[in-house]
Every structure is written in structure tokens, then in C-alpha cells.
Protein chains: 2
Amino acid sequence: MRCRNILLSADEMPRQWYNILADIKMNPPLGPDGNPISPDALAPVFPMNLIEQEVSTDRWIDIPEPVLDVLNIWRPSPLTRAFNLEKALNTPARIYIKNEGVSSPGSHKPNTAVPQAYYNKIFGIERLTTETGAGQWGSALSFACNQFGLECKVFMVRISFDQKPYRKAMMETWGGKCIPSPSMETRAGRDALEKNPDTPGTLGIAISEAVEAAVSDPTGKTRYSLGSVLNHVMLHQTIIGLEAKKQFEKINEYPDIVIGCAGGGSNFAGLAFPFVHDKINGKNIEIYPVEPKACPTMTRAPFVYDYGDTSRYTPLLPMYSLGHDFVPPPIHAGGLRYHGMAPTVSQLIVEGLITPKSVSQTDAYKAGLLWARTEGFIPAPETTNALAQVVIEAEKAREEGKEKVIVASFSGHGLLDLGAYEKFLSGQISDVVLDEAEIERASKTCAGHPEPRILSSRKS
Amino acid sequence: MRCRNILLSADEMPRQWYNILADIKMNPPLGPDGNPISPDALAPVFPMNLIEQEVSTDRWIDIPEPVLDVLNIWRPSPLTRAFNLEKALNTPARIYIKNEGVSSPGSHKPNTAVPQAYYNKIFGIERLTTETGAGQWGSALSFACNQFGLECKVFMVRISFDQKPYRKAMMETWGGKCIPSPSMETRAGRDALEKNPDTPGTLGIAISEAVEAAVSDPTGKTRYSLGSVLNHVMLHQTIIGLEAKKQFEKINEYPDIVIGCAGGGSNFAGLAFPFVHDKINGKNIEIYPVEPKACPTMTRAPFVYDYGDTSRYTPLLPMYSLGHDFVPPPIHAGGLRYHGMAPTVSQLIVEGLITPKSVSQTDAYKAGLLWARTEGFIPAPETTNALAQVVIEAEKAREEGKEKVIVASFSGHGLLDLGAYEKFLSGQISDVVLDEAEIERASKTCAGHPEPRILSSRKS
């Protein structure tokens, strides 16, 4: 019998995360005055132990034992050979996915939610606030807070809140609180509703609400938690790629192409960064972050300093951005509706180490459906963007007659997104492509830095 | 680090199913005239290769390679030590679950859906019909038919169809068709609607519809598929218990108590039958099928010959039954709303080899919530019935100060049942306990056999 799933035992779990800041040089976050901010300035928002991780340039950082213990509920996750998809595509490519949908919250998100909850807990914090787009992150943080005995409050982008009613129930099952954003609970929310009472909401606004709710707690026992974009989030996710590398070693295989979907960038980074490390050290490998054409941050927006949220609460980050008040069209892959991109991922694009791709919504769902009907598991809408690129690469391999090895991150399952599949099957999902003027207008809003600053800074 | 999950590799998968009919003697199914029916009489309903399995008394039956290949998408499933639950209950018991929620359809059901689709395919059948209660079985059969290129039509009990809209989308994602039952598509459905237009539906009616839709296809290329109750279904599910035994061997452990929820009986049987085999051969072990108090087939109904469906299309089966026209109250564990119990499971009760238990709906959800908040995965409503019994046994072990080893089948995840958790959390779920008169009235309807016939027939 063919063996589909390459497994690792618990004692083969990586004991350290890989920190890409050891291998590339980054431009610092700036305050509103345009000067670099000190780590201390972030102290009202994040606990100091996580701020230290955010700025660390150590290549390897130990994973605490209590974090490993919770991750072991589902980790190590399987690396799966997609024999059936290969056959359906009649491709000589060997296709693998790293399945993060096996986690209890159903996505890669708990890989960072668990350590974030842990570090907050040992720092003496009692509750976390956050935002969520598709609901994956809010579910993951609710789960993680529950494991460590923290309270959790989630501001969920309204369009996803309405499209995915089960998400709220999931968060509540783990003891979290979930409210649609914009809400009346924060100034940021009230401002947004005043401006546009019918807004579908954005991740940018929801971030503003969650940050405000954290820093305005007079007890000082609340902090904010972010599910993507930041350096320490990317760091925590590298367990995905580190496991994958061990799994490839077991079968004497190494990928030619690494693919991940990218909204804020953390799922892509989780799989890809350990391979980027190899590429920096001479490996010949293509690495593709994939975004939807409806929110083309990496492929069509400029590289600038911009805020991470709509209300300009965050520092200015060096990243590809459509502008912090860009409102992406209401596509179903809610987790990919973010105006910016992780500074680390952005920097790798600037340095030519990775090559962004974009796919249309219908191609993504087509690939997702093909996956479900060959490989069985139903992918999250976000994941289907990566799968669409897998299909493109597998078909290219067929045309070129090349035995390429492709690996993609399967960021999560789509069991709470089945309504989107139903819409796709009944022809109710179409493509959204932004026109040039819209992109230009949006990217002009990047506050204070109308001229994109290209920041090539590869460490020698 | 403690190791939670005891894993098997693909080449450690069992290659044969265990057939309990080698170890117990069963009374035969009867025709409406009260005489045993010949296997041939079932030929319009099932393909002959499955009928042969249904009546086989061979102890071990080979699992075909193409079946193993599909099961390997998620199998072997993990055996998981519930350290966190043990700690929360402060029990000396060691608690394990066999997690069937990891399958692509999310439950144990594909363990039989896959071989059933396979045997129908090689017999030349082109489409299958079936019924589904909670939706787990319909999803599993849609998935399995898709894997082998068969069409699939699912009659879904209306109350579940309304409570769980994502189920239809799931079946359609795998290419299946799903319609609420009773429907206007069959005589059985039209009769039921005429009698009571507002009926929540029952598994009994839905079975009648599916059987009728299969046998009335003039091309002869349609067959019916049943997700529980029958001998060959129990057979296919034994892969659960056979894997679990291998996993216990790996850690030098053996259970004192085996627990599974039981609606038609297949999840319970899957885990328990291989252990029943050991018990017959002298092992000292307690084995508990668990049902909801709202549908107390095993614990309060008589052992009789009764029909498997409302319209009396099936043969008369020797089983515990509340009567084939019993309409169970609309509890959320839709998969446990069946009037009867698998003849094999029933016979084991008669012979004293297993001991049925019943739990209340609120105790079940309480246990489910406790599980989610300790062990992370959100259980299906059916599964919570087994978990409630686990809690009872773990507390008993604490009181008695005994280091019992408990294993339960985690029949599926509850990600498509989150609405039920939301209702429970907001206090909208209460207990339903039938009164004595209701049970008596219901069981009197067991057609043609008003006097329960106790059929103790243990093979020497």
C-alpha cells in the first residue's frame, strides 16, 4: 500500500523556532513622527517577553515545554502526498501538503496563539483582546486562552461574523467572547460606524478596536494579541516548515517549489521561512506566497511605511500595502482581506528571495473543489488560493515533462466555510479584480510616506 | 514531554476485519410471514458481495487494498490519552479516546461507507441511496461514492436538515445530492407528509424513502446503503477496535472499561467488538454502549423482532426496539434518534457480554463542553453521550481510588453541530425523559410480534 501521510512522533517535534531576523536585515518600525520606536513603546500593547522576541535576532529560540505540550494535542501535523490529485492532473510532479487543518481550531493559527497565551500568562496578564477576519484566528486564540486560563475577547469583521455564524459558537465553546466589528464598544468602532453604518468591516478597523480595548483597561492586566504580520508571529509559525523539513528528510525528498497563501503572511511564513533559510544558504528553490487578485497587496501595491490598522494605533511598518484605510471587496477568503503584508515577508520579496503570485477567486474555489473531490479534506477558502497555485505549477510540470516536487501549506479546513462552497457550486461566486485607479488611490493613503521607500537591505 | 497520541503507521493498519458472527449465534432476519428470509431476497436492495458479508460467519475477512488506500487518507486514527481531562476530574483513571473525528467527513462513518461504495462499484452498481440522521452518514457516503465514481442520493431527516444547513453543502462539495425527508419523491415520504405535514422526520421514514428510491430504479443499477444496524456495517467498523488494540499493545496497556455511544450501534461496535472477542476468551472487562435517555432503546425497550424502518420495507430483525413507528423527541444528537439497535449489539446485551447505559442530554453536553475545554477538540453531540459515561466512570474510579483504564470511542467532531453548543451555553437545552406509558405504547407497535422473544443463543 502507498503511504500517504508522513508522520512524526511527539519526540520528533522541533524544540526551537527559526527566526528569519538572523538572516535578513529589517527596517525598524517607526512612530508617527517618522523616528524608530523603542521596544518599550509597545509595552502597553504586548507583554515584554513577546516584545523581546519581536526584536530578537537570535536564529534559534527555544519553544517552552508547556507550549509544546499544548501543541502536541494535534502536532506534529502530517505531511501528505496528494497521489489522487497528481493522478487527476496527470502530472509528473510530486505534490505534498503540510496539513494544518488537523488542529482543534482547524487551522495553523494556534501555532502562535498557544505561545502568545503562554507568554502573556507567565507575564501576569489576565485577558487578551484580538480581532479576527475569517474567524480562524479568533477561534485559535479562544482555544489557547482557555488552555492557559486567560479571558479572551474577539472583534470579528462583520461580514465574516454574518457569513459564518458557527465561529461565534466555537469561540464561546472555548469560553471566548466574540462581537462583530465595527462595534459600539470602542471609539474606533463608533467612528467607523458613523462614517459608514453598513460597512462590512475590515481587519484594519477590527485591529484598532482590539488594541483600544486592551490599552484602555485601567487594571493594566489586558494585552492585545495579533494573529499575523508581526515578527514573533512568523517565528512561532516556523514549526510548520521545520516539521516539514524533517518529514521530507525521512523520505529522502526535497521540494523544488514551496507555496503558501498569504493574507498577513503567517501561514506562508510558517512553511516557507525554514526553506528561505536553505535558499539563502545556496539551495535552488522557488518560493511563492499567493494572494487573491481581489486584495493584491504583494503583486500590485507599493512597498511603503504604513500603519497596520485603520485608526493608526500601530507603529508604521515597512511593508507592501494597499493603504491602511483600504476596504477590500467582500471575498470569502476573509483571512486574506488585509491591506498590508508582514514586514518580513515584504522584505523577502524586496530582496528577490520569494516571488509573489495572485489567483482569482473562482480559480481558487475550483482548486479547492478539485482537492476535496480527490484528496477528501475540504480546504478553507484561504487555503484554496495556495491550491490554485499548486494546480498551475503541476500543470506546468506536465507541459515541461519535469518531475518537480511541490509542497504547499494547507492552512486550514473549510468545515465552517461550507456556505461559500454552496455559493460556488450554485454559480454565485464571481471574480473581483481591482482596476489600476483604485489601487493607485488606495496606496496613496499610506500615511505620511507618499513616496514608496525601497528598502533593500540583505545582510551580507 | 508527555506523549498524548499513540500513532500507527500506514503499514500497521489492520488488513482484516473482525466478524463477531464467528463468536455468537444470531437469530435470522424474518420475512413479513414470520419465516427466515433467504439472502437472495435482499438482492434488489444490496449487492450480492455485501449480502455475503452480511451472513458470513468467518472470523476474519480481508480488507480490499483499494479500501485500505482510501481509508489511509486519515487512518490509522490516533489513540489519545486525555491527560487534561484526568487532571480536571482529579481521577486516578487513565482515560483514552480513539479519535474518529479526524476523518475527512469528520466521523467514524466512512469506515463502512468506503467499503460499501467499493463493493457496489465492483458489482457494477452506478448509484447509491441512503438516509442520514445527524448528517454524518450522508456526508460519509457522499465522500465514499465520490472516491469510487458513484452517484449518491441522501434523504436527510428534516429536523437535522434544518438544524445543520452546512451538511447539505458538505455532501454537495463531494458531489452528493441531499434532500430533506419526508420528501415528495417517494410514496413512503408522501404518506408520512400526508399523516403529519409538520413531522420532524425520523430515521425510520428516511430509510423507507431511500430503500424505495433504490429498488424502484428500473435500470437495476441503484442500490441502497445503510450506515449502521446491519452485520456488515459492524464488521467494517471493527477497524477502530483492532487499531486501538494494537495501540494499547504499544504502550503495554489494556482497558478495564470500553465505552461507545450507540444509536444504531456501529460506532460502539467498531471499538467494542474486538474487545468483546477478548471477553469471550476470558478477559475481565466491562463494555458499555451508551444511549440518550430520550431514546432509550437498549435500557428500556423490549427485545423483539421488529422492522428497521417505518414503512416495513426491511426484514424483521431481532433487536431491542421502541417500535418501528416510534418518533423520538427532537434531541440534538440526531445520530442517536433510532428506534432500534443493531441485532449483533442487541444479542450481546441478551447474552450479558455488554451492559447498556443511558445518559441525559444535559449531562452529555456538559461532558462535551468539559472535553472541549480540556482536550481541545469539540465533540459531536453523539460523542458527548460516550464522554458523559467516561466522566461517570472516572469519578467512580476516584471515589474507589482505583487506577482504571478507560477507553471511549470519539465518534466524530462537532464542528457542524456548533449551533447545539450555542443553545446549550445559553441554557436552551433541557432533558427529555420518556414516561413509562409512552415506552409501553411505542413498543407495542412491534409488528406481528407483540410478545417479546428473548433469544439467548450463546455459541458454546
# chains A, B, ... in the order shown; residues from 1 in each chain; ligands from 1
>>> interface_residues(of="chain B", to="chain A", cutoff="8 Å", atoms="only C-alpha atoms", output="PyMOL selection string")
chain B and resi 1-5+7+9-11+65+68-69+72-73+102+104-105+143+146-147+166+169-170+172-175+369+372-378+415-416+418-419+421-422+425
>>> residues_around(residues="range 87-90 of chain A", least_positions_apart="5", cutoff="8 Å", atoms="only C-alpha atoms", output="PyMOL selection string")
chain A and resi 374+391+394-395+398
>>> select_by_dssp(residues="range 166-393 of chain B", states="strand (DSSP E)", output="tab-separated table (two decimals) with N, CA, C and O atoms, in the first residue's frame")
chain	number	residue	atom	x	y	z
B	177	LYS	N	-26.18	14.32	-3.58
B	177	LYS	CA	-27.43	15.09	-3.55
B	177	LYS	C	-28.08	14.86	-2.19
B	177	LYS	O	-28.13	13.73	-1.71
B	178	CYS	N	-28.61	15.93	-1.60
B	178	CYS	CA	-29.19	15.81	-0.26
B	178	CYS	C	-30.57	16.46	-0.25
B	178	CYS	O	-30.70	17.63	-0.60
B	179	ILE	N	-31.61	15.68	0.13
B	179	ILE	CA	-32.96	16.24	0.21
B	179	ILE	C	-33.58	15.91	1.57
B	179	ILE	O	-33.34	14.86	2.13
B	180	PRO	N	-34.38	16.87	2.09
B	180	PRO	CA	-34.98	16.64	3.40
B	180	PRO	C	-36.05	15.56	3.33
B	180	PRO	O	-36.80	15.47	2.36
B	181	SER	N	-36.11	14.74	4.38
B	181	SER	CA	-37.09	13.66	4.46
B	181	SER	C	-38.03	13.89	5.64
B	181	SER	O	-37.56	14.27	6.70
B	222	THR	N	-29.11	0.84	-9.23
B	222	THR	CA	-29.11	1.57	-7.96
B	222	THR	C	-29.26	0.59	-6.80
B	222	THR	O	-30.02	-0.37	-6.89
B	223	ARG	N	-28.51	0.82	-5.74
B	223	ARG	CA	-28.69	0.04	-4.53
B	223	ARG	C	-28.79	0.98	-3.35
B	223	ARG	O	-28.51	2.18	-3.45
B	224	TYR	N	-29.20	0.40	-2.24
B	224	TYR	CA	-29.36	1.14	-1.00
B	224	TYR	C	-28.15	0.87	-0.11
B	224	TYR	O	-27.54	-0.20	-0.18
B	257	ILE	N	-12.42	-0.75	30.99
B	257	ILE	CA	-13.77	-0.33	30.60
B	257	ILE	C	-13.73	0.21	29.17
B	257	ILE	O	-12.90	1.06	28.84
B	258	VAL	N	-14.65	-0.28	28.33
B	258	VAL	CA	-14.76	0.18	26.95
B	258	VAL	C	-16.12	0.84	26.77
B	258	VAL	O	-17.15	0.24	27.13
B	259	ILE	N	-16.13	2.04	26.21
B	259	ILE	CA	-17.36	2.83	26.13
B	259	ILE	C	-17.57	3.37	24.72
B	259	ILE	O	-16.63	3.84	24.08
B	260	GLY	N	-18.81	3.28	24.23
B	260	GLY	CA	-19.12	3.91	22.95
B	260	GLY	C	-20.56	4.36	22.94
B	260	GLY	O	-21.42	3.74	23.58
B	261	CYS	N	-20.86	5.46	22.24
B	261	CYS	CA	-22.26	5.86	22.10
B	261	CYS	C	-22.92	4.94	21.09
B	261	CYS	O	-22.27	4.40	20.20
B	286	GLU	N	-15.28	-4.54	31.31
B	286	GLU	CA	-16.65	-4.03	31.24
B	286	GLU	C	-16.84	-3.30	29.92
B	286	GLU	O	-15.97	-2.51	29.53
B	287	ILE	N	-17.97	-3.51	29.27
B	287	ILE	CA	-18.20	-2.90	27.96
B	287	ILE	C	-19.58	-2.25	27.95
B	287	ILE	O	-20.59	-2.93	28.15
B	288	TYR	N	-19.58	-0.92	27.73
B	288	TYR	CA	-20.82	-0.15	27.88
B	288	TYR	C	-21.23	0.58	26.60
B	288	TYR	O	-20.62	1.59	26.23
B	289	PRO	N	-22.30	0.16	25.94
B	289	PRO	CA	-22.91	1.03	24.93
B	289	PRO	C	-23.77	2.08	25.64
B	289	PRO	O	-24.47	1.75	26.61
B	290	VAL	N	-23.70	3.33	25.18
B	290	VAL	CA	-24.40	4.43	25.87
B	290	VAL	C	-25.40	5.09	24.93
B	290	VAL	O	-25.06	5.46	23.80
B	291	GLU	N	-26.61	5.24	25.41
B	291	GLU	CA	-27.65	5.87	24.60
B	291	GLU	C	-28.25	7.05	25.36
B	291	GLU	O	-28.09	7.16	26.58
B	292	PRO	N	-28.95	7.97	24.64
B	292	PRO	CA	-29.60	9.08	25.35
B	292	PRO	C	-30.88	8.60	26.04
B	292	PRO	O	-31.59	7.75	25.51
B	303	PHE	N	-36.74	-6.67	23.87
B	303	PHE	CA	-36.02	-7.35	22.80
B	303	PHE	C	-37.04	-8.11	21.97
B	303	PHE	O	-37.71	-9.02	22.48
B	304	VAL	N	-37.18	-7.73	20.71
B	304	VAL	CA	-38.28	-8.24	19.87
B	304	VAL	C	-37.81	-8.42	18.43
B	304	VAL	O	-36.69	-8.08	18.10
B	305	TYR	N	-38.67	-8.96	17.61
B	305	TYR	CA	-38.49	-8.85	16.16
B	305	TYR	C	-39.21	-7.58	15.72
B	305	TYR	O	-40.40	-7.40	16.01
B	306	ASP	N	-38.51	-6.72	15.02
B	306	ASP	CA	-39.17	-5.50	14.54
B	306	ASP	C	-38.57	-5.08	13.20
B	306	ASP	O	-37.46	-5.50	12.84
B	307	TYR	N	-39.32	-4.23	12.51
B	307	TYR	CA	-38.82	-3.69	11.24
B	307	TYR	C	-37.77	-2.60	11.50
B	307	TYR	O	-37.83	-1.90	12.52
B	316	LEU	N	-37.76	-8.34	9.26
B	316	LEU	CA	-37.89	-8.22	10.71
B	316	LEU	C	-36.56	-8.62	11.33
B	316	LEU	O	-36.01	-9.69	11.01
B	317	LEU	N	-36.04	-7.76	12.19
B	317	LEU	CA	-34.73	-8.02	12.78
B	317	LEU	C	-34.88	-8.26	14.28
B	317	LEU	O	-35.71	-7.60	14.94
B	318	PRO	N	-34.08	-9.20	14.82
B	318	PRO	CA	-34.15	-9.46	16.27
B	318	PRO	C	-33.37	-8.39	17.02
B	318	PRO	O	-32.14	-8.36	16.94
B	319	MET	N	-34.05	-7.50	17.70
B	319	MET	CA	-33.33	-6.38	18.34
B	319	MET	C	-34.15	-5.73	19.44
B	319	MET	O	-35.36	-5.92	19.55
B	320	TYR	N	-33.47	-4.94	20.26
B	320	TYR	CA	-34.18	-4.05	21.17
B	320	TYR	C	-34.82	-2.96	20.31
B	320	TYR	O	-34.18	-2.40	19.43
B	357	LYS	N	-26.00	1.55	29.02
B	357	LYS	CA	-26.15	2.69	29.94
B	357	LYS	C	-26.91	3.79	29.20
B	357	LYS	O	-26.90	3.84	27.97
B	358	SER	N	-27.55	4.67	29.97
B	358	SER	CA	-28.16	5.84	29.33
B	358	SER	C	-27.79	7.11	30.09
B	358	SER	O	-27.57	7.06	31.30
B	359	VAL	N	-27.68	8.20	29.36
B	359	VAL	CA	-27.33	9.48	29.97
B	359	VAL	C	-28.30	10.56	29.49
B	359	VAL	O	-28.91	10.44	28.43
>>> atom_distance(atom1="CA of Thr57 in chain A", atom2="CA of Pro28 in chain A")
12.8 Å
>>> residues_around(residues="Arg15 in chain B", least_positions_apart="6", cutoff="9 Å", atoms="only C-alpha atoms", output="mmCIF file with all heavy atoms, in the first residue's frame")
data_model
loop_
_atom_site.group_PDB
_atom_site.id
_atom_site.type_symbol
_atom_site.label_atom_id
_atom_site.label_comp_id
_atom_site.auth_asym_id
_atom_site.auth_seq_id
_atom_site.Cartn_x
_atom_site.Cartn_y
_atom_site.Cartn_z
ATOM 1 N N ILE B 61 -12.110 -11.271 7.859
ATOM 2 C CA ILE B 61 -12.441 -11.008 6.455
ATOM 3 C C ILE B 61 -11.470 -9.951 5.924
ATOM 4 O O ILE B 61 -11.307 -8.885 6.532
ATOM 5 C CB ILE B 61 -13.917 -10.547 6.323
ATOM 6 C CG1 ILE B 61 -14.834 -11.725 6.742
ATOM 7 C CG2 ILE B 61 -14.221 -10.055 4.912
ATOM 8 C CD1 ILE B 61 -16.312 -11.435 6.665
ATOM 9 N N ASP B 62 -10.832 -10.270 4.799
ATOM 10 C CA ASP B 62 -9.810 -9.376 4.235
ATOM 11 C C ASP B 62 -10.381 -8.010 3.853
ATOM 12 O O ASP B 62 -11.470 -7.932 3.277
ATOM 13 C CB ASP B 62 -9.192 -10.000 2.971
ATOM 14 C CG ASP B 62 -8.274 -11.168 3.312
ATOM 15 O OD1 ASP B 62 -7.908 -11.316 4.499
ATOM 16 O OD2 ASP B 62 -7.940 -11.937 2.382
ATOM 17 N N ILE B 63 -9.619 -6.975 4.158
ATOM 18 C CA ILE B 63 -9.990 -5.629 3.705
ATOM 19 C C ILE B 63 -9.340 -5.412 2.337
ATOM 20 O O ILE B 63 -8.119 -5.516 2.216
ATOM 21 C CB ILE B 63 -9.490 -4.542 4.685
ATOM 22 C CG1 ILE B 63 -9.925 -4.875 6.123
ATOM 23 C CG2 ILE B 63 -9.981 -3.166 4.253
ATOM 24 C CD1 ILE B 63 -9.412 -3.888 7.173
ATOM 25 N N PRO B 64 -10.136 -5.135 1.292
ATOM 26 C CA PRO B 64 -9.543 -4.975 -0.045
ATOM 27 C C PRO B 64 -8.548 -3.802 -0.079
ATOM 28 O O PRO B 64 -8.749 -2.781 0.584
ATOM 29 C CB PRO B 64 -10.754 -4.691 -0.938
ATOM 30 C CG PRO B 64 -11.938 -5.208 -0.180
ATOM 31 C CD PRO B 64 -11.601 -5.019 1.275
ATOM 32 N N GLU B 65 -7.525 -3.949 -0.878
ATOM 33 C CA GLU B 65 -6.461 -2.953 -0.996
ATOM 34 C C GLU B 65 -7.005 -1.551 -1.371
ATOM 35 O O GLU B 65 -6.617 -0.561 -0.753
ATOM 36 C CB GLU B 65 -5.437 -3.434 -2.034
ATOM 37 C CG GLU B 65 -4.079 -2.758 -1.972
ATOM 38 C CD GLU B 65 -3.263 -3.130 -0.728
ATOM 39 O OE1 GLU B 65 -3.647 -4.095 -0.009
ATOM 40 O OE2 GLU B 65 -2.266 -2.460 -0.473
ATOM 41 N N LEU B 68 -8.399 0.032 1.745
ATOM 42 C CA LEU B 68 -7.323 0.490 2.643
ATOM 43 C C LEU B 68 -6.719 1.797 2.133
ATOM 44 O O LEU B 68 -6.425 2.709 2.909
ATOM 45 C CB LEU B 68 -6.217 -0.567 2.728
ATOM 46 C CG LEU B 68 -6.501 -1.791 3.606
ATOM 47 C CD1 LEU B 68 -5.439 -2.855 3.370
ATOM 48 C CD2 LEU B 68 -6.557 -1.395 5.080
ATOM 49 N N ILE B 239 -12.379 -2.019 12.407
ATOM 50 C CA ILE B 239 -11.024 -1.494 12.214
ATOM 51 C C ILE B 239 -10.666 -0.529 13.355
ATOM 52 O O ILE B 239 -9.501 -0.408 13.736
ATOM 53 C CB ILE B 239 -10.885 -0.809 10.823
ATOM 54 C CG1 ILE B 239 -9.409 -0.599 10.492
ATOM 55 C CG2 ILE B 239 -11.663 0.498 10.755
ATOM 56 C CD1 ILE B 239 -9.164 -0.207 9.036
#
>>> select_by_dssp(residues="range 170-203 of chain B", states="helix (DSSP H, G or I)", output="JSON, numbers by chain")
{"B": [170, 171, 172, 173, 187, 188, 189, 190, 191, 192, 193, 194, 195, 203]}
